[in-house]
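The structure appears below as structure tokens.
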Amino acid sequence: MRSLTIVIAALLAAACGDSQTSDSAAMPVAGAASAASAPNAESTPPSAMQAAATPAAAGTAETGPVQGLGGRTGELINPDNSTMVFLYYDLAGLTPPIDNWVEQDNRVQFAQPLDKAERRKAVRAEYESAAAAVRGVGAIRLSMNANLSEYDPSYGEFSVRALAPSSVITFNDLGQKVELRFANGRQAQVWRVPQADAQAVRDKIGYGPGVSLDTLLRITGVQPGPGGGTITTEVVEYQMQTQSGLTIARVQIAQR
């Protein structure tokens with residue numbers, strides 16, 4: 001058995017060197033109807049979002065800055081539900097109904113009458129700050145659970161099912177539903193590995209198909225819809241790890 005360093009080098013070369021995609025559609029990972037476990041809790045106060053929502057320069061050492069829709073270069077890291085709702089409104093060029101959200105906020109609804117005006121002012125300031133924090137965001141770094149298929153020796157590949165075209169990640173908050181999809185999922189789901197190295201991959205993962213992905217997504221489009229809408233992205237790269245945190249591979253997806 002060759003050393004782990006040589007195995008990973010071979011895997012990366014195989015994953016990045018061939019841009020042919022599979023014709024078979026993969027199913028999303030188990031759990032609801034989404035490819036990853038997105039938060040689905042009650043509304044998060046915008047003040048709690050600021051660290052995650054503040055855009056940073058998006059990019060990688062290999063590819064340089066990542067430009068999303070309209071030349072945006074800001075980046076979100078594992079955004080929560082509320083942040084994704086604000087991002088959707090900003091991408092779509094829509095004005096978020098902040099006045100309505102303020103009145104529906106529990107901190108305003110259940111405030112004492114003498115405190116309500118001041119509480120309303122403070123909550124509105126938080127929402128406006130959260131809306132401003134996502135301006136210019138064009139990329140998202142997202143950690144997600146995934147299932148790796150069995151190795152297909154006919155095509156020399158694994159399928160990363162969480163990145164399949166059918167996969168949807170859903171964010172619900174503020175009475176809105178925002179879906180995240182992968183425009184290049186047909187290509188991104190394919191991870192090519194030489195047959196001689198495939199068993200070493202399975203041995204490293206161990207029992208079960210579960211792996212985790214740290215993905216870099218470039219925002220390419222937005223589609224408004226009733227009560228929310230869809231944000232379309234392209235997978236730029238991902239790091240695959242075992243559930244215990246061991247790195248299996250770092251894979252870049254050829255961009256069109």
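Chain identifiers are assigned as A, B, and so on, following the order in which chains appear in the structure tokens; residues are numbered from 1 within each chain, and ligands are numbered from 1 in order of appearance.
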
Residue neighbourhood Gln239 (chain A), 8 Å, only C-alpha atoms, exclusion window fewer than 6 positions, as a list in words: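 In the requested form, the answer reads Leu213, Asp214, Thr215, Thr247, Ile248, Ala249, Arg250 and Val251 of chain A.
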
Next, the residues of the selection above should be written as a CSV table (one decimal), in the first residue's frame with N, CA, C and O atoms.
```
chain,number,residue,atom,x,y,z
A,213,LEU,N,-18.2,17.9,4.2
A,213,LEU,CA,-17.6,18.7,3.1
A,213,LEU,C,-17.5,20.2,3.6
A,213,LEU,O,-18.5,20.7,4.2
A,214,ASP,N,-16.4,20.8,3.4
A,214,ASP,CA,-16.3,22.2,3.5
A,214,ASP,C,-16.2,22.8,2.1
A,214,ASP,O,-15.2,22.7,1.4
A,215,THR,N,-17.3,23.4,1.7
A,215,THR,CA,-17.4,23.8,0.3
A,215,THR,C,-17.3,25.3,0.1
A,215,THR,O,-17.7,26.1,1.0
A,247,THR,N,-8.6,14.5,6.8
A,247,THR,CA,-8.8,15.0,5.4
A,247,THR,C,-8.7,13.8,4.4
A,247,THR,O,-7.7,13.1,4.4
A,248,ILE,N,-9.6,13.7,3.5
A,248,ILE,CA,-9.6,12.6,2.5
A,248,ILE,C,-9.0,13.2,1.2
A,248,ILE,O,-8.2,12.6,0.5
A,249,ALA,N,-9.5,14.4,0.8
A,249,ALA,CA,-9.1,15.0,-0.4
A,249,ALA,C,-9.5,16.5,-0.5
A,249,ALA,O,-10.4,16.9,0.2
A,250,ARG,N,-8.8,17.3,-1.2
A,250,ARG,CA,-9.2,18.6,-1.6
A,250,ARG,C,-9.4,18.7,-3.1
A,250,ARG,O,-8.5,18.4,-3.8
A,251,VAL,N,-10.6,19.1,-3.5
A,251,VAL,CA,-11.0,18.9,-4.9
A,251,VAL,C,-11.4,20.3,-5.4
A,251,VAL,O,-12.2,21.0,-4.8
```

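In this comparison, which uses only C-alpha atoms, the residue of A:Ile253, A:Ile231, A:Ala183, A:Val193 approaching Tyr89 (chain A) most closely is A:Ile231.
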
Which of A:Thr230, A:Ala139, A:Asp90, A:Phe110 sits closest to Thr170 (chain A) [using only C-alpha atoms]: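 So, comparing all the options, the nearest one is A:Thr230.
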
Among listed residues A:Ser154, A:Gln252, A:Asn147, A:Gln243, nearest Gln195 (chain A) (using only C-alpha atoms):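 Nearest to Gln195 (chain A): A:Ser154.
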
Residues of region 30-242 of chain A in strand (DSSP E or B), written as a VMD selection string: chain A and resid 56 to 57 59 to 60 64 to 65 74 to 77 137 to 148 152 157 to 160 169 to 173 176 to 182 190 to 192 210 to 225 228 to 241

Straight-line distance linking CA of Pro165 (chain A) with CA of Ala92 (chain A), stated in Å to one decimal: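 Between CA of Pro165 (chain A) and CA of Ala92 (chain A) the gap works out to 22.0 Å.
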
Contact residues around Leu94 (chain A) with only C-alpha atoms at 10 Å, ignoring same-chain residues under 6 positions, as an MDAnalysis selection string: chainID A and resid 86 88 224

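If only C-alpha atoms are the atoms counted, then among A:Thr242, A:Ala111, A:Val178, A:Leu148 the closest residue to Ser212 (chain A) is A:Thr242.
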
Within 9 Å of region 112-122 of chain A using only C-alpha atoms, minus same-chain residues under 6 positions, as a PyMOL selection string: chain A and resi 102-103+105

Restricted to N, CA and C atoms, what would the selected residues look like written as a CSV table (one decimal), in the first residue's frame?
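Output file selection17.csv is given in full below:
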```
chain,number,residue,atom,x,y,z
A,102,VAL,N,-40.2,43.8,12.2
A,102,VAL,CA,-40.0,44.4,13.5
A,102,VAL,C,-41.3,44.2,14.3
A,103,GLU,N,-42.4,44.4,13.7
A,103,GLU,CA,-43.7,44.3,14.5
A,103,GLU,C,-44.0,42.8,14.8
A,105,ASP,N,-41.6,40.7,15.6
A,105,ASP,CA,-40.5,40.2,16.5
A,105,ASP,C,-41.1,40.1,17.9
```

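For Asn184 (chain A), the set of protein, DNA and RNA residues having any atom at most 8 Å away, when counting only C-alpha atoms and skipping those fewer than 5 positions along the same chain, is A:Pro165, A:Thr233, A:Glu234, A:Val235.
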
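Proximity ranking of A:Val137, A:Val201, A:Leu69, A:Ala162 relative to Leu87 (chain A) places A:Val137 first, based on only C-alpha atoms.
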
Nearest-residue call for Tyr207 (chain A), choices A:Asp173, A:Ile98, A:Glu150, A:Val134, using only C-alpha atoms: A:Glu150

For CA of Gly229 (chain A) and CA of Pro97 (chain A), the interatomic separation in Å (one decimal): 14.9 Å

Please, which residues of region 48-145 of chain A, numbered as in this document, come out helix (DSSP H, G or I) from DSSP, as a PDB file with N, CA, C and O atoms, in the first residue's frame?
```pdb
ATOM      1  N   ALA A  48     -27.039  38.694  16.518  1.00  0.00           N
ATOM      2  CA  ALA A  48     -26.284  37.451  16.663  1.00  0.00           C
ATOM      3  C   ALA A  48     -25.691  36.995  15.348  1.00  0.00           C
ATOM      4  O   ALA A  48     -24.920  36.051  15.307  1.00  0.00           O
ATOM      5  N   GLN A  50     -23.982  39.049  13.126  1.00  0.00           N
ATOM      6  CA  GLN A  50     -23.033  39.954  12.518  1.00  0.00           C
ATOM      7  C   GLN A  50     -21.684  39.319  12.202  1.00  0.00           C
ATOM      8  O   GLN A  50     -21.092  39.598  11.179  1.00  0.00           O
ATOM      9  N   ALA A  51     -21.181  38.460  13.094  1.00  0.00           N
ATOM     10  CA  ALA A  51     -19.870  37.854  12.838  1.00  0.00           C
ATOM     11  C   ALA A  51     -19.888  37.014  11.577  1.00  0.00           C
ATOM     12  O   ALA A  51     -18.964  37.041  10.767  1.00  0.00           O
ATOM     13  N   ALA A  52     -20.979  36.256  11.386  1.00  0.00           N
ATOM     14  CA  ALA A  52     -21.072  35.391  10.210  1.00  0.00           C
ATOM     15  C   ALA A  52     -21.413  36.187   8.959  1.00  0.00           C
ATOM     16  O   ALA A  52     -21.030  35.819   7.861  1.00  0.00           O
ATOM     17  N   ALA A  53     -22.144  37.285   9.129  1.00  0.00           N
ATOM     18  CA  ALA A  53     -22.670  37.979   7.964  1.00  0.00           C
ATOM     19  C   ALA A  53     -21.713  39.017   7.400  1.00  0.00           C
ATOM     20  O   ALA A  53     -21.908  39.480   6.293  1.00  0.00           O
ATOM     21  N   LEU A  69     -22.217  36.773  -8.477  1.00  0.00           N
ATOM     22  CA  LEU A  69     -23.186  37.504  -9.283  1.00  0.00           C
ATOM     23  C   LEU A  69     -22.901  39.008  -9.238  1.00  0.00           C
ATOM     24  O   LEU A  69     -22.754  39.586  -8.176  1.00  0.00           O
ATOM     25  N   GLY A  70     -22.800  39.635 -10.424  1.00  0.00           N
ATOM     26  CA  GLY A  70     -22.583  41.069 -10.495  1.00  0.00           C
ATOM     27  C   GLY A  70     -21.219  41.530 -10.020  1.00  0.00           C
ATOM     28  O   GLY A  70     -21.049  42.700  -9.668  1.00  0.00           O
ATOM     29  N   GLY A  71     -20.229  40.625  -9.997  1.00  0.00           N
ATOM     30  CA  GLY A  71     -18.887  41.006  -9.567  1.00  0.00           C
ATOM     31  C   GLY A  71     -18.701  41.088  -8.071  1.00  0.00           C
ATOM     32  O   GLY A  71     -17.695  41.617  -7.588  1.00  0.00           O
ATOM     33  N   ASN A  81     -30.087  30.953   9.079  1.00  0.00           N
ATOM     34  CA  ASN A  81     -31.310  31.148   8.305  1.00  0.00           C
ATOM     35  C   ASN A  81     -31.598  32.616   8.016  1.00  0.00           C
ATOM     36  O   ASN A  81     -31.899  32.995   6.886  1.00  0.00           O
ATOM     37  N   SER A  82     -31.533  33.440   9.047  1.00  0.00           N
ATOM     38  CA  SER A  82     -31.861  34.848   8.870  1.00  0.00           C
ATOM     39  C   SER A  82     -30.907  35.528   7.903  1.00  0.00           C
ATOM     40  O   SER A  82     -31.325  36.338   7.063  1.00  0.00           O
ATOM     41  N   THR A  83     -29.622  35.216   8.009  1.00  0.00           N
ATOM     42  CA  THR A  83     -28.636  35.826   7.112  1.00  0.00           C
ATOM     43  C   THR A  83     -28.938  35.482   5.663  1.00  0.00           C
ATOM     44  O   THR A  83     -28.822  36.326   4.766  1.00  0.00           O
ATOM     45  N   MET A  84     -29.330  34.228   5.415  1.00  0.00           N
ATOM     46  CA  MET A  84     -29.636  33.821   4.039  1.00  0.00           C
ATOM     47  C   MET A  84     -30.884  34.519   3.515  1.00  0.00           C
ATOM     48  O   MET A  84     -30.984  34.808   2.315  1.00  0.00           O
ATOM     49  N   VAL A  85     -31.839  34.804   4.376  1.00  0.00           N
ATOM     50  CA  VAL A  85     -33.019  35.558   3.945  1.00  0.00           C
ATOM     51  C   VAL A  85     -32.618  36.970   3.540  1.00  0.00           C
ATOM     52  O   VAL A  85     -33.027  37.470   2.480  1.00  0.00           O
ATOM     53  N   PHE A  86     -31.798  37.632   4.353  1.00  0.00           N
ATOM     54  CA  PHE A  86     -31.335  38.971   4.003  1.00  0.00           C
ATOM     55  C   PHE A  86     -30.501  38.935   2.713  1.00  0.00           C
ATOM     56  O   PHE A  86     -30.598  39.837   1.879  1.00  0.00           O
ATOM     57  N   LEU A  87     -29.671  37.902   2.556  1.00  0.00           N
ATOM     58  CA  LEU A  87     -28.865  37.783   1.340  1.00  0.00           C
ATOM     59  C   LEU A  87     -29.748  37.625   0.117  1.00  0.00           C
ATOM     60  O   LEU A  87     -29.498  38.238  -0.932  1.00  0.00           O
ATOM     61  N   TYR A  88     -30.789  36.811   0.221  1.00  0.00           N
ATOM     62  CA  TYR A  88     -31.706  36.624  -0.901  1.00  0.00           C
ATOM     63  C   TYR A  88     -32.318  37.953  -1.327  1.00  0.00           C
ATOM     64  O   TYR A  88     -32.351  38.284  -2.526  1.00  0.00           O
ATOM     65  N   TYR A  89     -32.799  38.731  -0.366  1.00  0.00           N
ATOM     66  CA  TYR A  89     -33.403  40.020  -0.706  1.00  0.00           C
ATOM     67  C   TYR A  89     -32.391  40.941  -1.376  1.00  0.00           C
ATOM     68  O   TYR A  89     -32.716  41.649  -2.344  1.00  0.00           O
ATOM     69  N   ASP A  90     -31.163  40.934  -0.884  1.00  0.00           N
ATOM     70  CA  ASP A  90     -30.140  41.801  -1.469  1.00  0.00           C
ATOM     71  C   ASP A  90     -29.798  41.357  -2.887  1.00  0.00           C
ATOM     72  O   ASP A  90     -29.683  42.194  -3.795  1.00  0.00           O
ATOM     73  N   LEU A  91     -29.634  40.053  -3.103  1.00  0.00           N
ATOM     74  CA  LEU A  91     -29.313  39.554  -4.440  1.00  0.00           C
ATOM     75  C   LEU A  91     -30.435  39.833  -5.435  1.00  0.00           C
ATOM     76  O   LEU A  91     -30.187  40.144  -6.602  1.00  0.00           O
ATOM     77  N   ALA A  92     -31.664  39.695  -4.966  1.00  0.00           N
ATOM     78  CA  ALA A  92     -32.824  39.886  -5.840  1.00  0.00           C
ATOM     79  C   ALA A  92     -33.149  41.355  -6.076  1.00  0.00           C
ATOM     80  O   ALA A  92     -34.004  41.674  -6.911  1.00  0.00           O
ATOM     81  N   ILE A  98     -38.769  45.186   6.485  1.00  0.00           N
ATOM     82  CA  ILE A  98     -38.238  45.289   7.842  1.00  0.00           C
ATOM     83  C   ILE A  98     -39.300  45.765   8.821  1.00  0.00           C
ATOM     84  O   ILE A  98     -39.377  45.279   9.963  1.00  0.00           O
ATOM     85  N   ASP A  99     -40.159  46.705   8.396  1.00  0.00           N
ATOM     86  CA  ASP A  99     -41.193  47.198   9.311  1.00  0.00           C
ATOM     87  C   ASP A  99     -42.092  46.059   9.786  1.00  0.00           C
ATOM     88  O   ASP A  99     -42.441  45.973  10.971  1.00  0.00           O
ATOM     89  N   ASN A 100     -42.472  45.177   8.845  1.00  0.00           N
ATOM     90  CA  ASN A 100     -43.314  44.040   9.226  1.00  0.00           C
ATOM     91  C   ASN A 100     -42.573  43.092  10.152  1.00  0.00           C
ATOM     92  O   ASN A 100     -43.143  42.585  11.134  1.00  0.00           O
ATOM     93  N   TRP A 101     -41.302  42.824   9.848  1.00  0.00           N
ATOM     94  CA  TRP A 101     -40.524  41.917  10.676  1.00  0.00           C
ATOM     95  C   TRP A 101     -40.339  42.471  12.083  1.00  0.00           C
ATOM     96  O   TRP A 101     -40.329  41.719  13.052  1.00  0.00           O
ATOM     97  N   VAL A 102     -40.162  43.788  12.167  1.00  0.00           N
ATOM     98  CA  VAL A 102     -40.010  44.408  13.490  1.00  0.00           C
ATOM     99  C   VAL A 102     -41.269  44.203  14.321  1.00  0.00           C
ATOM    100  O   VAL A 102     -41.207  43.818  15.490  1.00  0.00           O
ATOM    101  N   GLU A 103     -42.429  44.433  13.710  1.00  0.00           N
ATOM    102  CA  GLU A 103     -43.681  44.292  14.464  1.00  0.00           C
ATOM    103  C   GLU A 103     -43.953  42.840  14.848  1.00  0.00           C
ATOM    104  O   GLU A 103     -44.613  42.572  15.857  1.00  0.00           O
ATOM    105  N   GLN A 104     -43.448  41.892  14.063  1.00  0.00           N
ATOM    106  CA  GLN A 104     -43.663  40.477  14.370  1.00  0.00           C
ATOM    107  C   GLN A 104     -42.617  39.929  15.332  1.00  0.00           C
ATOM    108  O   GLN A 104     -42.756  38.799  15.822  1.00  0.00           O
ATOM    109  N   ASN A 106     -40.774  39.010  18.576  1.00  0.00           N
ATOM    110  CA  ASN A 106     -41.284  38.781  19.929  1.00  0.00           C
ATOM    111  C   ASN A 106     -40.830  39.848  20.914  1.00  0.00           C
ATOM    112  O   ASN A 106     -41.539  40.163  21.878  1.00  0.00           O
ATOM    113  N   ARG A 107     -39.662  40.405  20.672  1.00  0.00           N
ATOM    114  CA  ARG A 107     -39.156  41.421  21.590  1.00  0.00           C
ATOM    115  C   ARG A 107     -39.995  42.684  21.543  1.00  0.00           C
ATOM    116  O   ARG A 107     -40.068  43.431  22.534  1.00  0.00           O
ATOM    117  N   VAL A 108     -40.639  42.927  20.404  1.00  0.00           N
ATOM    118  CA  VAL A 108     -41.541  44.069  20.280  1.00  0.00           C
ATOM    119  C   VAL A 108     -42.950  43.678  20.708  1.00  0.00           C
ATOM    120  O   VAL A 108     -43.616  44.395  21.458  1.00  0.00           O
ATOM    121  N   GLN A 109     -43.411  42.524  20.240  1.00  0.00           N
ATOM    122  CA  GLN A 109     -44.770  42.100  20.549  1.00  0.00           C
ATOM    123  C   GLN A 109     -45.029  41.990  22.045  1.00  0.00           C
ATOM    124  O   GLN A 109     -46.100  42.361  22.530  1.00  0.00           O
ATOM    125  N   PRO A 113     -45.932  48.263  27.330  1.00  0.00           N
ATOM    126  CA  PRO A 113     -46.352  49.428  26.536  1.00  0.00           C
ATOM    127  C   PRO A 113     -45.394  50.609  26.613  1.00  0.00           C
ATOM    128  O   PRO A 113     -45.114  51.250  25.596  1.00  0.00           O
ATOM    129  N   LEU A 114     -44.871  50.898  27.804  1.00  0.00           N
ATOM    130  CA  LEU A 114     -43.969  52.034  27.948  1.00  0.00           C
ATOM    131  C   LEU A 114     -42.610  51.776  27.289  1.00  0.00           C
ATOM    132  O   LEU A 114     -41.895  52.717  26.957  1.00  0.00           O
ATOM    133  N   ASP A 115     -42.277  50.503  27.100  1.00  0.00           N
ATOM    134  CA  ASP A 115     -40.979  50.158  26.522  1.00  0.00           C
ATOM    135  C   ASP A 115     -41.040  49.882  25.024  1.00  0.00           C
ATOM    136  O   ASP A 115     -40.005  49.740  24.368  1.00  0.00           O
ATOM    137  N   LYS A 116     -42.265  49.789  24.487  1.00  0.00           N
ATOM    138  CA  LYS A 116     -42.406  49.271  23.118  1.00  0.00           C
ATOM    139  C   LYS A 116     -41.746  50.167  22.075  1.00  0.00           C
ATOM    140  O   LYS A 116     -41.077  49.676  21.148  1.00  0.00           O
ATOM    141  N   ALA A 117     -41.885  51.474  22.193  1.00  0.00           N
ATOM    142  CA  ALA A 117     -41.310  52.369  21.190  1.00  0.00           C
ATOM    143  C   ALA A 117     -39.786  52.245  21.155  1.00  0.00           C
ATOM    144  O   ALA A 117     -39.175  52.165  20.074  1.00  0.00           O
ATOM    145  N   GLU A 118     -39.166  52.212  22.320  1.00  0.00           N
ATOM    146  CA  GLU A 118     -37.719  52.091  22.375  1.00  0.00           C
ATOM    147  C   GLU A 118     -37.266  50.729  21.882  1.00  0.00           C
ATOM    148  O   GLU A 118     -36.258  50.608  21.175  1.00  0.00           O
ATOM    149  N   ARG A 119     -38.013  49.675  22.240  1.00  0.00           N
ATOM    150  CA  ARG A 119     -37.674  48.331  21.780  1.00  0.00           C
ATOM    151  C   ARG A 119     -37.819  48.226  20.268  1.00  0.00           C
ATOM    152  O   ARG A 119     -36.985  47.611  19.594  1.00  0.00           O
ATOM    153  N   ARG A 120     -38.866  48.847  19.726  1.00  0.00           N
ATOM    154  CA  ARG A 120     -39.075  48.829  18.274  1.00  0.00           C
ATOM    155  C   ARG A 120     -37.902  49.498  17.558  1.00  0.00           C
ATOM    156  O   ARG A 120     -37.416  48.988  16.538  1.00  0.00           O
ATOM    157  N   LYS A 121     -37.440  50.589  18.086  1.00  0.00           N
ATOM    158  CA  LYS A 121     -36.316  51.307  17.491  1.00  0.00           C
ATOM    159  C   LYS A 121     -35.049  50.463  17.499  1.00  0.00           C
ATOM    160  O   LYS A 121     -34.314  50.394  16.500  1.00  0.00           O
ATOM    161  N   ALA A 122     -34.793  49.781  18.617  1.00  0.00           N
ATOM    162  CA  ALA A 122     -33.587  48.962  18.731  1.00  0.00           C
ATOM    163  C   ALA A 122     -33.645  47.762  17.790  1.00  0.00           C
ATOM    164  O   ALA A 122     -32.637  47.417  17.142  1.00  0.00           O
ATOM    165  N   VAL A 123     -34.802  47.117  17.702  1.00  0.00           N
ATOM    166  CA  VAL A 123     -34.938  45.947  16.836  1.00  0.00           C
ATOM    167  C   VAL A 123     -34.806  46.348  15.371  1.00  0.00           C
ATOM    168  O   VAL A 123     -34.159  45.661  14.578  1.00  0.00           O
ATOM    169  N   ARG A 124     -35.390  47.481  14.989  1.00  0.00           N
ATOM    170  CA  ARG A 124     -35.265  47.935  13.609  1.00  0.00           C
ATOM    171  C   ARG A 124     -33.801  48.206  13.255  1.00  0.00           C
ATOM    172  O   ARG A 124     -33.339  47.862  12.156  1.00  0.00           O
ATOM    173  N   ALA A 125     -33.066  48.769  14.182  1.00  0.00           N
ATOM    174  CA  ALA A 125     -31.645  49.038  13.932  1.00  0.00           C
ATOM    175  C   ALA A 125     -30.880  47.739  13.705  1.00  0.00           C
ATOM    176  O   ALA A 125     -29.978  47.678  12.861  1.00  0.00           O
ATOM    177  N   GLU A 126     -31.236  46.696  14.434  1.00  0.00           N
ATOM    178  CA  GLU A 126     -30.581  45.401  14.248  1.00  0.00           C
ATOM    179  C   GLU A 126     -30.873  44.828  12.869  1.00  0.00           C
ATOM    180  O   GLU A 126     -29.973  44.326  12.178  1.00  0.00           O
ATOM    181  N   TYR A 127     -32.132  44.885  12.447  1.00  0.00           N
ATOM    182  CA  TYR A 127     -32.491  44.357  11.135  1.00  0.00           C
ATOM    183  C   TYR A 127     -31.821  45.151  10.019  1.00  0.00           C
ATOM    184  O   TYR A 127     -31.346  44.572   9.026  1.00  0.00           O
ATOM    185  N   GLU A 128     -31.781  46.449  10.144  1.00  0.00           N
ATOM    186  CA  GLU A 128     -31.140  47.267   9.122  1.00  0.00           C
ATOM    187  C   GLU A 128     -29.643  46.986   9.055  1.00  0.00           C
ATOM    188  O   GLU A 128     -29.050  46.960   7.960  1.00  0.00           O
ATOM    189  N   SER A 129     -29.034  46.760  10.210  1.00  0.00           N
ATOM    190  CA  SER A 129     -27.615  46.415  10.231  1.00  0.00           C
ATOM    191  C   SER A 129     -27.370  45.068   9.572  1.00  0.00           C
ATOM    192  O   SER A 129     -26.397  44.891   8.823  1.00  0.00           O
ATOM    193  N   ALA A 130     -28.249  44.099   9.833  1.00  0.00           N
ATOM    194  CA  ALA A 130     -28.110  42.770   9.224  1.00  0.00           C
ATOM    195  C   ALA A 130     -28.278  42.838   7.716  1.00  0.00           C
ATOM    196  O   ALA A 130     -27.577  42.148   6.965  1.00  0.00           O
ATOM    197  N   ALA A 131     -29.198  43.676   7.244  1.00  0.00           N
ATOM    198  CA  ALA A 131     -29.397  43.828   5.804  1.00  0.00           C
ATOM    199  C   ALA A 131     -28.162  44.446   5.150  1.00  0.00           C
ATOM    200  O   ALA A 131     -27.747  44.039   4.060  1.00  0.00           O
ATOM    201  N   ALA A 132     -27.555  45.419   5.820  1.00  0.00           N
ATOM    202  CA  ALA A 132     -26.365  46.069   5.264  1.00  0.00           C
ATOM    203  C   ALA A 132     -25.173  45.118   5.242  1.00  0.00           C
ATOM    204  O   ALA A 132     -24.304  45.218   4.367  1.00  0.00           O
ATOM    205  N   ALA A 133     -25.112  44.172   6.181  1.00  0.00           N
ATOM    206  CA  ALA A 133     -23.943  43.305   6.318  1.00  0.00           C
ATOM    207  C   ALA A 133     -23.775  42.329   5.169  1.00  0.00           C
ATOM    208  O   ALA A 133     -22.673  41.817   4.959  1.00  0.00           O
TER     209      ALA A 133
END
```
